[in-house]
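Q: File upload.txt follows (compact mmCIF, C-alpha atoms and all ligand atoms):
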# COMPACT_ATOMS: atom_id res chain seq x y z
CA MET A 1 122.89 105.21 123.46
CA GLN A 2 121.38 104.86 126.92
CA CYS A 3 117.75 104.34 127.89
CA SER A 4 115.99 107.46 129.11
CA PRO A 5 112.72 106.43 130.83
CA SER A 6 111.57 110.06 130.97
CA LEU A 7 112.02 110.41 127.19
CA VAL A 8 109.98 107.23 126.63
CA LEU A 9 107.27 108.48 128.98
CA ALA A 10 107.14 111.90 127.31
CA LEU A 11 107.06 110.55 123.73
CA SER A 12 104.47 107.87 124.58
CA SER A 13 102.22 110.40 126.35
CA LEU A 14 102.45 112.71 123.36
CA LEU A 15 101.52 109.85 121.01
CA GLY A 16 98.50 108.94 123.15
CA ALA A 17 97.50 112.63 123.34
CA LEU A 18 97.80 113.00 119.53
CA GLY A 19 95.51 109.97 119.19
CA LEU A 20 92.88 111.56 121.47
CA LEU A 21 93.17 114.87 119.59
CA LEU A 22 92.66 113.06 116.27
CA LEU A 23 89.69 111.17 117.75
CA CYS A 24 87.99 114.51 118.50
CA LEU A 25 88.88 115.98 115.09
CA ASN A 26 88.02 112.84 113.10
CA LEU A 27 84.68 112.25 114.81
CA ARG A 28 83.57 115.55 113.27
CA ALA A 29 85.23 115.12 109.88
CA PRO A 30 87.44 112.33 108.49
CA SER A 31 91.05 112.90 107.38
CA ARG A 32 90.85 114.13 103.80
CA TYR A 33 92.41 111.36 101.79
CA GLY A 34 90.93 108.45 99.81
CA LYS A 35 87.14 108.54 99.56
CA HIS A 36 86.95 111.52 101.93
CA GLN A 37 88.90 113.95 99.75
CA GLU A 38 86.54 116.84 99.14
CA LYS A 39 88.00 117.93 95.80
CA PRO A 40 90.73 116.27 93.78
CA GLY A 41 92.88 119.40 94.29
CA LYS A 42 95.68 120.70 92.08
CA PRO A 43 97.75 118.01 90.34
CA TRP A 44 101.00 119.28 91.89
CA ALA A 45 99.45 118.95 95.36
CA ARG A 46 98.99 115.17 94.99
CA LEU A 47 101.27 112.21 94.52
CA PRO A 48 100.40 108.81 92.94
CA ALA A 49 99.13 106.51 95.70
CA ARG A 50 101.94 103.94 95.28
CA CYS A 51 104.66 106.53 95.61
CA ALA A 52 102.91 108.30 98.50
CA TRP A 53 102.31 105.16 100.57
CA PHE A 54 105.88 104.02 99.98
CA LEU A 55 107.38 107.35 101.11
CA GLN A 56 105.00 107.68 104.02
CA GLU A 57 105.49 104.21 105.48
CA LEU A 58 109.22 103.80 104.76
CA PRO A 59 110.40 105.60 107.95
CA SER A 60 108.35 103.19 110.09
CA PHE A 61 110.54 100.41 108.74
CA LEU A 62 113.79 102.30 108.20
CA VAL A 63 114.11 104.15 111.52
CA PRO A 64 113.89 101.04 113.77
CA ALA A 65 116.00 99.06 111.27
CA LEU A 66 118.70 101.77 111.41
CA LEU A 67 118.53 101.90 115.20
CA LEU A 68 118.98 98.12 115.22
CA ALA A 69 121.92 98.29 112.81
CA LEU A 70 123.62 101.09 114.75
CA ARG A 71 122.89 99.71 118.22
CA SER A 72 125.75 99.75 120.64
CA PRO A 73 126.24 98.31 124.17
CA PRO A 74 125.96 98.44 127.09
CA ARG A 75 122.15 98.24 127.65
CA LEU A 76 120.74 96.21 124.81
CA GLU A 77 117.70 94.01 125.04
CA PRO A 78 118.13 90.97 122.74
CA LEU A 79 114.53 89.72 123.15
CA GLY A 80 113.24 93.27 122.61
CA CYS A 81 115.24 93.43 119.36
CA ARG A 82 113.79 90.13 118.20
CA LEU A 83 110.23 91.20 118.99
CA LEU A 84 110.83 94.50 117.18
CA CYS A 85 112.13 92.70 114.08
CA GLY A 86 109.57 89.91 114.10
CA MET A 87 106.50 92.06 114.61
CA PHE A 88 106.83 95.84 114.16
CA CYS A 89 109.39 95.77 111.32
CA ALA A 90 107.66 92.80 109.68
CA HIS A 91 104.39 94.74 109.53
CA TYR A 92 106.06 97.81 108.07
CA PHE A 93 108.14 95.75 105.64
CA HIS A 94 104.86 94.50 104.20
CA ARG A 95 103.19 97.93 104.28
CA THR A 96 106.20 99.68 102.63
CA PHE A 97 107.44 97.15 100.11
CA ILE A 98 104.34 95.09 99.28
CA TYR A 99 101.13 97.03 100.06
CA SER A 100 102.47 100.26 98.53
CA PHE A 101 103.44 98.60 95.27
CA PHE A 102 100.04 97.01 94.70
CA THR A 103 97.64 99.69 95.92
CA ARG A 104 95.15 101.05 93.37
CA GLY A 105 94.22 104.08 95.46
CA ARG A 106 93.60 107.64 94.32
CA PRO A 107 96.43 110.17 94.23
CA PHE A 108 97.34 111.16 97.78
CA PRO A 109 97.34 114.80 99.07
CA LEU A 110 100.90 116.08 99.61
CA GLN A 111 100.05 117.91 102.82
CA ILE A 112 98.70 114.77 104.51
CA LEU A 113 101.68 112.83 103.15
CA LEU A 114 104.12 115.20 104.86
CA PHE A 115 102.33 114.86 108.19
CA GLY A 116 102.22 111.09 107.65
CA ILE A 117 105.99 110.93 107.08
CA LEU A 118 106.67 112.97 110.23
CA PHE A 119 104.36 110.70 112.17
CA CYS A 120 106.09 107.54 110.92
CA ILE A 121 109.55 108.90 111.81
CA TYR A 122 108.32 109.78 115.30
CA ASN A 123 106.60 106.45 115.95
CA GLY A 124 109.39 104.40 114.34
CA PHE A 125 111.93 106.08 116.61
CA LEU A 126 109.83 105.63 119.76
CA GLN A 127 109.07 101.94 119.20
CA GLY A 128 112.62 101.12 118.07
CA TYR A 129 114.40 103.07 120.80
CA TYR A 130 112.26 101.53 123.54
CA MET A 131 112.55 97.92 122.36
CA ILE A 132 116.30 98.11 121.76
CA TYR A 133 117.50 100.18 124.70
CA CYS A 134 114.82 100.12 127.40
CA ALA A 135 112.66 96.96 127.37
CA GLN A 136 113.67 94.23 129.79
CA TYR A 137 112.16 90.76 129.73
CA PRO A 138 112.58 87.76 132.00
CA LYS A 139 114.21 84.72 130.33
CA ASP A 140 110.90 82.81 130.31
CA TRP A 141 108.88 85.63 128.62
CA PHE A 142 108.25 83.25 125.69
CA THR A 143 106.05 81.12 127.93
CA ASP A 144 104.22 84.07 129.53
CA PHE A 145 100.49 84.22 128.75
CA ARG A 146 100.82 87.89 127.68
CA PHE A 147 103.44 86.98 125.10
CA THR A 148 101.59 84.00 123.61
CA SER A 149 98.15 85.64 123.54
CA GLY A 150 99.63 88.90 122.20
CA VAL A 151 101.48 87.18 119.36
CA LEU A 152 98.35 85.20 118.43
CA LEU A 153 96.24 88.38 118.40
CA PHE A 154 98.91 90.15 116.33
CA LEU A 155 98.96 87.38 113.73
CA PHE A 156 95.16 87.14 113.66
CA GLY A 157 94.85 90.92 113.16
CA MET A 158 97.58 91.03 110.54
CA GLY A 159 95.89 88.21 108.60
CA ILE A 160 92.54 90.06 108.60
CA ASN A 161 94.21 93.37 107.67
CA ILE A 162 96.17 91.97 104.72
CA HIS A 163 93.26 89.84 103.45
CA SER A 164 90.83 92.78 103.67
CA ASP A 165 93.23 95.15 101.87
CA ILE A 166 93.54 92.54 99.09
CA LEU A 167 89.73 92.29 98.80
CA LEU A 168 89.53 96.10 98.48
CA ARG A 169 92.23 96.13 95.81
CA GLN A 170 90.40 93.45 93.80
CA LEU A 171 87.35 95.73 93.54
CA ARG A 172 89.25 97.82 90.98
CA LYS A 173 91.01 97.32 87.70
CA PRO A 174 94.25 99.31 87.22
CA GLY A 175 93.42 102.99 86.57
CA ASP A 176 89.91 102.70 88.02
CA HIS A 177 89.22 105.02 90.99
CA THR A 178 85.53 104.32 91.57
CA TYR A 179 84.06 102.84 94.76
CA LYS A 180 82.12 99.58 95.00
CA ILE A 181 80.56 97.59 97.84
CA PRO A 182 83.28 95.46 99.48
CA GLN A 183 82.30 91.78 99.70
CA GLY A 184 83.70 88.68 101.39
CA GLY A 185 85.95 88.00 104.36
CA LEU A 186 85.24 90.18 107.38
CA PHE A 187 83.56 92.74 105.08
CA THR A 188 80.52 90.49 105.38
CA TYR A 189 80.19 91.84 108.91
CA VAL A 190 81.85 95.29 108.96
CA SER A 191 82.64 98.17 106.58
CA GLY A 192 86.07 98.74 108.12
CA ALA A 193 87.40 95.16 108.03
CA ASN A 194 90.98 96.25 107.23
CA PHE A 195 90.86 98.77 110.10
CA PHE A 196 89.49 96.17 112.53
CA GLY A 197 92.43 93.89 111.64
CA GLU A 198 94.97 96.69 112.10
CA ILE A 199 93.58 97.65 115.52
CA VAL A 200 93.60 94.02 116.74
CA GLU A 201 97.15 93.68 115.41
CA TRP A 202 98.57 96.63 117.37
CA PHE A 203 96.78 95.67 120.58
CA GLY A 204 98.31 92.20 120.11
CA TYR A 205 101.75 93.81 119.74
CA ALA A 206 101.15 95.90 122.86
CA ILE A 207 100.17 92.84 124.91
CA ALA A 208 103.07 90.71 123.60
CA THR A 209 105.66 93.43 124.32
CA TRP A 210 103.86 94.77 127.41
CA SER A 211 105.29 98.19 126.74
CA LEU A 212 104.01 101.75 127.17
CA PRO A 213 105.00 102.94 123.65
CA ALA A 214 103.21 99.98 122.07
CA PHE A 215 100.03 100.60 124.10
CA ALA A 216 100.22 104.30 123.14
CA PHE A 217 100.47 103.32 119.45
CA ALA A 218 97.57 100.84 119.76
CA LEU A 219 95.47 103.62 121.34
CA PHE A 220 96.52 106.02 118.58
CA THR A 221 95.54 103.47 115.91
CA LEU A 222 92.13 102.93 117.51
CA CYS A 223 91.55 106.71 117.73
CA PHE A 224 92.63 107.40 114.14
CA ILE A 225 91.20 104.53 112.12
CA GLY A 226 88.19 103.75 114.37
CA PRO A 227 86.43 107.00 113.28
CA ARG A 228 87.66 106.42 109.72
CA ALA A 229 85.75 103.10 109.68
CA TYR A 230 82.66 104.92 110.96
CA HIS A 231 82.91 107.55 108.18
CA HIS A 232 83.46 104.83 105.54
CA HIS A 233 80.30 103.11 106.80
CA ARG A 234 78.25 106.32 106.56
CA TYR A 235 79.68 106.97 103.10
CA TYR A 236 78.58 103.51 101.88
CA LEU A 237 75.09 103.90 103.39
CA SER A 238 74.65 107.23 101.61
CA MET A 239 76.12 106.02 98.28
CA PHE A 240 74.59 102.56 97.89
CA THR A 241 70.87 101.97 98.43
CA ASP A 242 71.50 98.20 98.35
CA TYR A 243 74.23 98.34 101.03
CA PRO A 244 73.79 95.36 103.43
CA LYS A 245 71.70 96.62 106.35
CA SER A 246 73.10 94.15 108.90
CA ARG A 247 76.72 95.24 108.29
CA LYS A 248 78.28 97.24 111.15
CA ALA A 249 81.00 99.92 110.95
CA LEU A 250 83.96 98.43 112.86
CA ILE A 251 83.12 95.70 115.38
CA PRO A 252 81.16 92.68 114.07
CA PHE A 253 77.54 92.53 115.43
CA ILE A 254 78.20 95.43 117.85
CA PHE A 255 79.18 98.78 116.29
N1 LIG B 301 98.77 106.34 107.43
C1 LIG B 301 98.35 105.43 109.67
N2 LIG B 301 96.84 115.48 111.72
C2 LIG B 301 98.13 107.56 107.87
C3 LIG B 301 98.23 108.67 106.84
C4 LIG B 301 97.62 109.95 107.33
O1 LIG B 301 99.45 104.27 107.97
O2 LIG B 301 98.50 114.23 112.50
C5 LIG B 301 98.23 106.83 110.21
C6 LIG B 301 98.89 105.31 108.31
C7 LIG B 301 98.22 110.37 108.67
C8 LIG B 301 98.03 109.26 109.71
C9 LIG B 301 98.69 107.93 109.26
C10 LIG B 301 98.54 109.72 111.08
C11 LIG B 301 97.88 111.04 111.54
C12 LIG B 301 98.08 112.10 110.50
C13 LIG B 301 97.50 111.60 109.19
C14 LIG B 301 97.52 112.84 108.32
C15 LIG B 301 97.13 113.95 109.28
C16 LIG B 301 97.18 113.34 110.68
C17 LIG B 301 99.55 112.49 110.41
C18 LIG B 301 100.21 108.04 109.26
C19 LIG B 301 97.62 114.37 111.72
C20 LIG B 301 97.10 116.63 112.53
C21 LIG B 301 98.41 117.28 112.08
C22 LIG B 301 95.92 117.55 112.26
C23 LIG B 301 97.14 116.33 114.03
O3 LIG B 301 90.95 105.67 96.22
P1 LIG B 301 91.19 105.23 97.61
O4 LIG B 301 92.55 105.68 98.14
O5 LIG B 301 90.08 105.57 98.56
O6 LIG B 301 91.27 103.61 97.49
C24 LIG B 301 91.29 102.79 98.64
C25 LIG B 301 90.69 101.45 98.35
N3 LIG B 301 89.25 101.39 98.63
C26 LIG B 301 88.31 101.00 97.76
N4 LIG B 301 88.37 100.62 96.46
C27 LIG B 301 87.19 100.31 95.83
N5 LIG B 301 85.99 100.32 96.43
C28 LIG B 301 85.91 100.68 97.75
N6 LIG B 301 84.71 100.69 98.36
C29 LIG B 301 87.09 101.04 98.46
N7 LIG B 301 87.34 101.45 99.73
C30 LIG B 301 88.66 101.66 99.81
O7 LIG B 301 91.30 100.53 99.26
C31 LIG B 301 92.70 102.40 99.06
O8 LIG B 301 93.49 102.17 97.92
C32 LIG B 301 92.51 101.07 99.79
C33 LIG B 301 92.39 101.24 101.32
O9 LIG B 301 91.58 102.33 101.58
P2 LIG B 301 91.01 102.60 103.08
O10 LIG B 301 90.41 103.96 103.07
O11 LIG B 301 90.15 101.46 103.49
O12 LIG B 301 92.34 102.54 104.00
P3 LIG B 301 93.49 103.65 104.23
O13 LIG B 301 93.04 104.64 105.23
O14 LIG B 301 93.95 104.12 102.89
O15 LIG B 301 94.62 102.73 104.93
C34 LIG B 301 95.32 101.76 104.19
C35 LIG B 301 95.95 100.77 105.16
C36 LIG B 301 94.91 100.00 105.98
O16 LIG B 301 95.33 98.66 106.10
C37 LIG B 301 94.94 100.68 107.34
O17 LIG B 301 94.62 99.78 108.38
C38 LIG B 301 96.39 101.16 107.44
O18 LIG B 301 96.79 101.44 106.11
N8 LIG B 301 96.49 102.37 108.27
C39 LIG B 301 96.03 103.57 107.80
C40 LIG B 301 96.17 104.69 108.55
C41 LIG B 301 96.95 104.70 109.79
C42 LIG B 301 97.18 103.38 110.33
C43 LIG B 301 97.07 102.27 109.52
C44 LIG B 301 97.53 103.26 111.76
O19 LIG B 301 97.31 104.22 112.52
N9 LIG B 301 98.05 102.13 112.23
Can I see the file as structure tokens?
A:
Amino acid sequence: MQCSPSLVLALSSLLGALGLLLLCLNLRAPSRYGKHQEKPGKPWARLPARCAWFLQELPSFLVPALLLALRSPPRLEPLGCRLLCGMFCAHYFHRTFIYSFFTRGRPFPLQILLFGILFCIYNGFLQGYYMIYCAQYPKDWFTDFRFTSGVLLFLFGMGINIHSDILLRQLRKPGDHTYKIPQGGLFTYVSGANFFGEIVEWFGYAIATWSLPAFAFALFTLCFIGPRAYHHHRYYLSMFTDYPKSRKALIPFIF
């Protein structure tokens, strides 16, 4: 396979544009899964959360992993491959094989699941293809400020994201699908602590890899889960009279 810069540009632009479209749609109404499902819907139109998250996130891990396994010369980027494995695939290994198996979420709507799978195939291909066949780094990239600060941000964001998702899971016993006020960790400051971590993580990845597809994905993440944090915050304020008044939606002390 050869690198096609025009393909990378087209796919990245489309990803950024999808993010902006979702920002407009989601500012009006949140994506209808989790606490924003209007009605439970017909049983055949939903899948258990564990199964749904596994199927949805698997392509984000599998597609780049397959591209890596099937890679062939002549234009391969060894550092790009290592960054892809160490960061992107590591995140999706956790999301697919660990997060999915422990989630205590409500059954997931099939329609959203199908869109989610398509999205993960698309993004997995774009990130994998670019890092394996197109990215080029100088030999001393490891000492570049963008690399070091990006990796630190990535790890910081990933830590917050995983910790916050664990705190949410601990709010429920198995089989319970009710909502409670999240407490502890970054939830002390924001309603969307897991989303804040995820956004920081993907901007860290974008800075460390200094690549257009990664910046497009970071923008997409901000546009999709930023409004979701805002809707979660409004939901909590309307549901719980004792919800902490000083808590913000997404960015501590600011928004
Ligand atoms: N999945 C990313 N539309 C999305 C699925 C939907 O991973 O194109 C984006 C992802 C996809 C979306 C994905 C992309 C865009 C799509 C969209 C569908 C349509 C859209 C394809 C792929 C699209 C058109 C075609 C129109 C253009 O019962 P429950 O489930 O609510 O339980 C929750 C529980 N919980 C609580 N428990 C007790 N008390 C409380 N107060 C609780 N609050 C929550 O915690 C869950 O079990 C769990 C987490 O819930 P929540 O709502 O906080 O997070 P959630 O949204 O479920 O995300 C889970 C994790 C989280 O770490 C987040 O950062 C990450 O996944 N994520 C999520 C979404 C997208 C994404 C990351 C990213 O863009 N990077």
Q: Have a look at A:Phe220, A:Tyr130, A:Tyr122, A:Tyr205 and name the one nearest to ligand LIG 301 (chain B); count all atoms listed in the file.
A: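 For ligand LIG 301 (chain B), the nearest of the given residues is A:Phe220.
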Q: Set the distance at 8 Å and use all atoms listed in the file: which residues neighbour Tyr92 (chain A) once local chain neighbours fewer than 6 positions away are removed? I'd like the list as a count of residues only.
A: 4
Q: Provide the CA of Pro78 (chain A) to atom N9 of ligand LIG 301 (chain B) distance in Å, to one decimal place.
A: 25.3 Å
Q: Tell me which protein, DNA and RNA residues are within 7 Å of region 147-155 of chain A, counting all atoms listed in the file, leaving out same-chain ones fewer than 4 positions away, and put them as a list in words.
A: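 Neighbouring residues, sequence-local ones excluded: Trp141, Phe142, Thr143, Gly159, Val200, Glu201, Trp202, Gly204, Tyr205, Ile207, Ala208 and Thr209 of chain A.
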Q: Could you tell me how far atom N7 of ligand LIG 301 (chain B) lies from CA of Gly41 (chain A), in Å and to one decimal?
A: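 Separating atom N7 of ligand LIG 301 (chain B) from CA of Gly41 (chain A) is a distance of 19.6 Å.
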Q: Could you check which residues have any atom within 9 Å of (93.8, 105.4, 123.2), counting only C-alpha atoms with coordinates taken straight from the file, and then list them as a ChimeraX atom specification?
A: /A:16-17,19-20,23,215-223
Q: Step by step, gather every atom of ligand LIG 301 (chain B) that the file lists, find the box along x, y and z that holds them, add 5 Å on each side, and finally give centre and edge lengths in Å to one decimal, as JSON.
A:
{"center_x": 92.5, "center_y": 108.1, "center_z": 104.9, "size_x": 25.5, "size_y": 28.9, "size_z": 28.2}
Q: Nearest residue to Pro48 (chain A) out of A:Ser12, A:Thr103, A:Asn26, A:Ser6, using only C-alpha atoms?
A: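 Ranked by minimum distance to Pro48 (chain A), first place goes to A:Thr103.
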Q: Just give me the gap between CA of Arg228 (chain A) and atom N8 of ligand LIG 301 (chain B) in Å, one decimal is fine.
A: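 Rounded to one decimal, the two atoms are 9.8 Å apart.
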Q: Give me the residues within 12 Å of region 248-252 of chain A as a PyMOL selection string, counting all atoms listed in the file and dropping any in the same chain fewer than 3 places off.
A: chain A and resi 185-200+222+225-237+243-245+255
Q: Of the candidates A:Cys24, A:Leu11, A:Ile121, A:Leu212, which shows the shortest atom-to-atom distance to Ala65 (chain A), using all atoms listed in the file?
A: A:Ile121
Q: Here is a test: counting all atoms listed in the file, which residue of A:Pro43, A:Gly86, A:Gly34, A:Gly157 is nearest to ligand LIG 301 (chain B)?
A: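 Of all the options, A:Gly34 lies closest to ligand LIG 301 (chain B).
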Q: Val8 (chain A): which residues within 12 Å, counting only C-alpha atoms, same-chain residues fewer than 2 positions away excluded, as number ranges by chain?
A: A: 2-6, 10-15, 122-123, 125-131, 133-135, 211-214, 216
Q: So, with all atoms listed in the file as the atoms that count, which of A:Ile254, A:Leu22, A:Leu55, A:Leu70 lies closest to ligand LIG 301 (chain B)?
A: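 Smallest separation from ligand LIG 301 (chain B) among the options: A:Leu22.
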Q: Out of A:Phe224, A:Trp210, A:Phe145, A:Phe54, which residue has the shortest atom-to-atom distance to ligand LIG 301 (chain B) when counting all atoms listed in the file?
A: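 When distances to ligand LIG 301 (chain B) are compared using all atoms listed in the file, the smallest one comes from A:Phe224.
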Q: Can you complete the atoms of region 228-254 of chain A to N, CA and C atoms and list them as a PDB file, keeping the file's coordinate frame?
A:
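File written: rebuild_12.pdb
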ATOM      1  N   ARG A 228      87.592 106.550 111.195  1.00  0.00           N
ATOM      2  CA  ARG A 228      87.660 106.420 109.720  1.00  0.00           C
ATOM      3  C   ARG A 228      86.705 105.296 109.261  1.00  0.00           C
ATOM      4  N   ALA A 229      86.678 104.202 110.021  1.00  0.00           N
ATOM      5  CA  ALA A 229      85.750 103.100 109.680  1.00  0.00           C
ATOM      6  C   ALA A 229      84.305 103.590 109.763  1.00  0.00           C
ATOM      7  N   TYR A 230      84.014 104.384 110.778  1.00  0.00           N
ATOM      8  CA  TYR A 230      82.660 104.920 110.960  1.00  0.00           C
ATOM      9  C   TYR A 230      82.264 105.811 109.768  1.00  0.00           C
ATOM     10  N   HIS A 231      83.199 106.676 109.319  1.00  0.00           N
ATOM     11  CA  HIS A 231      82.910 107.550 108.180  1.00  0.00           C
ATOM     12  C   HIS A 231      82.784 106.755 106.876  1.00  0.00           C
ATOM     13  N   HIS A 232      83.610 105.700 106.729  1.00  0.00           N
ATOM     14  CA  HIS A 232      83.460 104.830 105.540  1.00  0.00           C
ATOM     15  C   HIS A 232      82.044 104.233 105.527  1.00  0.00           C
ATOM     16  N   HIS A 233      81.607 103.758 106.690  1.00  0.00           N
ATOM     17  CA  HIS A 233      80.300 103.110 106.800  1.00  0.00           C
ATOM     18  C   HIS A 233      79.190 104.079 106.389  1.00  0.00           C
ATOM     19  N   ARG A 234      79.265 105.315 106.905  1.00  0.00           N
ATOM     20  CA  ARG A 234      78.250 106.320 106.560  1.00  0.00           C
ATOM     21  C   ARG A 234      78.296 106.650 105.071  1.00  0.00           C
ATOM     22  N   TYR A 235      79.511 106.691 104.536  1.00  0.00           N
ATOM     23  CA  TYR A 235      79.680 106.970 103.100  1.00  0.00           C
ATOM     24  C   TYR A 235      78.964 105.889 102.280  1.00  0.00           C
ATOM     25  N   TYR A 236      79.202 104.610 102.638  1.00  0.00           N
ATOM     26  CA  TYR A 236      78.580 103.510 101.880  1.00  0.00           C
ATOM     27  C   TYR A 236      77.051 103.575 101.986  1.00  0.00           C
ATOM     28  N   LEU A 237      76.551 103.853 103.209  1.00  0.00           N
ATOM     29  CA  LEU A 237      75.090 103.900 103.390  1.00  0.00           C
ATOM     30  C   LEU A 237      74.477 105.012 102.542  1.00  0.00           C
ATOM     31  N   SER A 238      75.214 106.130 102.398  1.00  0.00           N
ATOM     32  CA  SER A 238      74.650 107.230 101.610  1.00  0.00           C
ATOM     33  C   SER A 238      74.830 106.998 100.099  1.00  0.00           C
ATOM     34  N   MET A 239      75.839 106.216  99.710  1.00  0.00           N
ATOM     35  CA  MET A 239      76.120 106.020  98.280  1.00  0.00           C
ATOM     36  C   MET A 239      75.354 104.858  97.660  1.00  0.00           C
ATOM     37  N   PHE A 240      75.166 103.792  98.453  1.00  0.00           N
ATOM     38  CA  PHE A 240      74.590 102.560  97.890  1.00  0.00           C
ATOM     39  C   PHE A 240      73.261 102.223  98.580  1.00  0.00           C
ATOM     40  N   THR A 241      72.171 102.273  97.819  1.00  0.00           N
ATOM     41  CA  THR A 241      70.870 101.970  98.430  1.00  0.00           C
ATOM     42  C   THR A 241      70.772 100.476  98.801  1.00  0.00           C
ATOM     43  N   ASP A 242      71.556  99.647  98.088  1.00  0.00           N
ATOM     44  CA  ASP A 242      71.500  98.200  98.350  1.00  0.00           C
ATOM     45  C   ASP A 242      72.609  97.761  99.329  1.00  0.00           C
ATOM     46  N   TYR A 243      73.152  98.715 100.098  1.00  0.00           N
ATOM     47  CA  TYR A 243      74.230  98.340 101.030  1.00  0.00           C
ATOM     48  C   TYR A 243      73.653  97.422 102.127  1.00  0.00           C
ATOM     49  N   PRO A 244      74.350  96.307 102.460  1.00  0.00           N
ATOM     50  CA  PRO A 244      73.790  95.360 103.430  1.00  0.00           C
ATOM     51  C   PRO A 244      73.450  96.030 104.766  1.00  0.00           C
ATOM     52  N   LYS A 245      72.185  95.900 105.171  1.00  0.00           N
ATOM     53  CA  LYS A 245      71.700  96.620 106.350  1.00  0.00           C
ATOM     54  C   LYS A 245      72.297  96.062 107.650  1.00  0.00           C
ATOM     55  N   SER A 246      72.618  94.758 107.652  1.00  0.00           N
ATOM     56  CA  SER A 246      73.100  94.150 108.900  1.00  0.00           C
ATOM     57  C   SER A 246      74.584  94.447 109.148  1.00  0.00           C
ATOM     58  N   ARG A 247      75.275  95.004 108.156  1.00  0.00           N
ATOM     59  CA  ARG A 247      76.720  95.240 108.290  1.00  0.00           C
ATOM     60  C   ARG A 247      76.983  96.391 109.261  1.00  0.00           C
ATOM     61  N   LYS A 248      77.942  96.180 110.187  1.00  0.00           N
ATOM     62  CA  LYS A 248      78.280  97.240 111.150  1.00  0.00           C
ATOM     63  C   LYS A 248      79.470  98.042 110.624  1.00  0.00           C
ATOM     64  N   ALA A 249      79.890  99.052 111.401  1.00  0.00           N
ATOM     65  CA  ALA A 249      81.000  99.920 110.950  1.00  0.00           C
ATOM     66  C   ALA A 249      82.366  99.283 111.223  1.00  0.00           C
ATOM     67  N   LEU A 250      82.598  98.871 112.487  1.00  0.00           N
ATOM     68  CA  LEU A 250      83.960  98.430 112.860  1.00  0.00           C
ATOM     69  C   LEU A 250      83.999  97.094 113.596  1.00  0.00           C
ATOM     70  N   ILE A 251      83.065  96.915 114.549  1.00  0.00           N
ATOM     71  CA  ILE A 251      83.120  95.700 115.380  1.00  0.00           C
ATOM     72  C   ILE A 251      81.949  94.787 115.009  1.00  0.00           C
ATOM     73  N   PRO A 252      82.241  93.562 114.521  1.00  0.00           N
ATOM     74  CA  PRO A 252      81.160  92.680 114.070  1.00  0.00           C
ATOM     75  C   PRO A 252      80.034  92.549 115.102  1.00  0.00           C
ATOM     76  N   PHE A 253      78.781  92.687 114.653  1.00  0.00           N
ATOM     77  CA  PHE A 253      77.540  92.530 115.430  1.00  0.00           C
ATOM     78  C   PHE A 253      77.327  93.622 116.489  1.00  0.00           C
ATOM     79  N   ILE A 254      78.319  94.481 116.735  1.00  0.00           N
ATOM     80  CA  ILE A 254      78.200  95.430 117.850  1.00  0.00           C
ATOM     81  C   ILE A 254      78.126  96.886 117.406  1.00  0.00           C
TER      82      ILE A 254
END
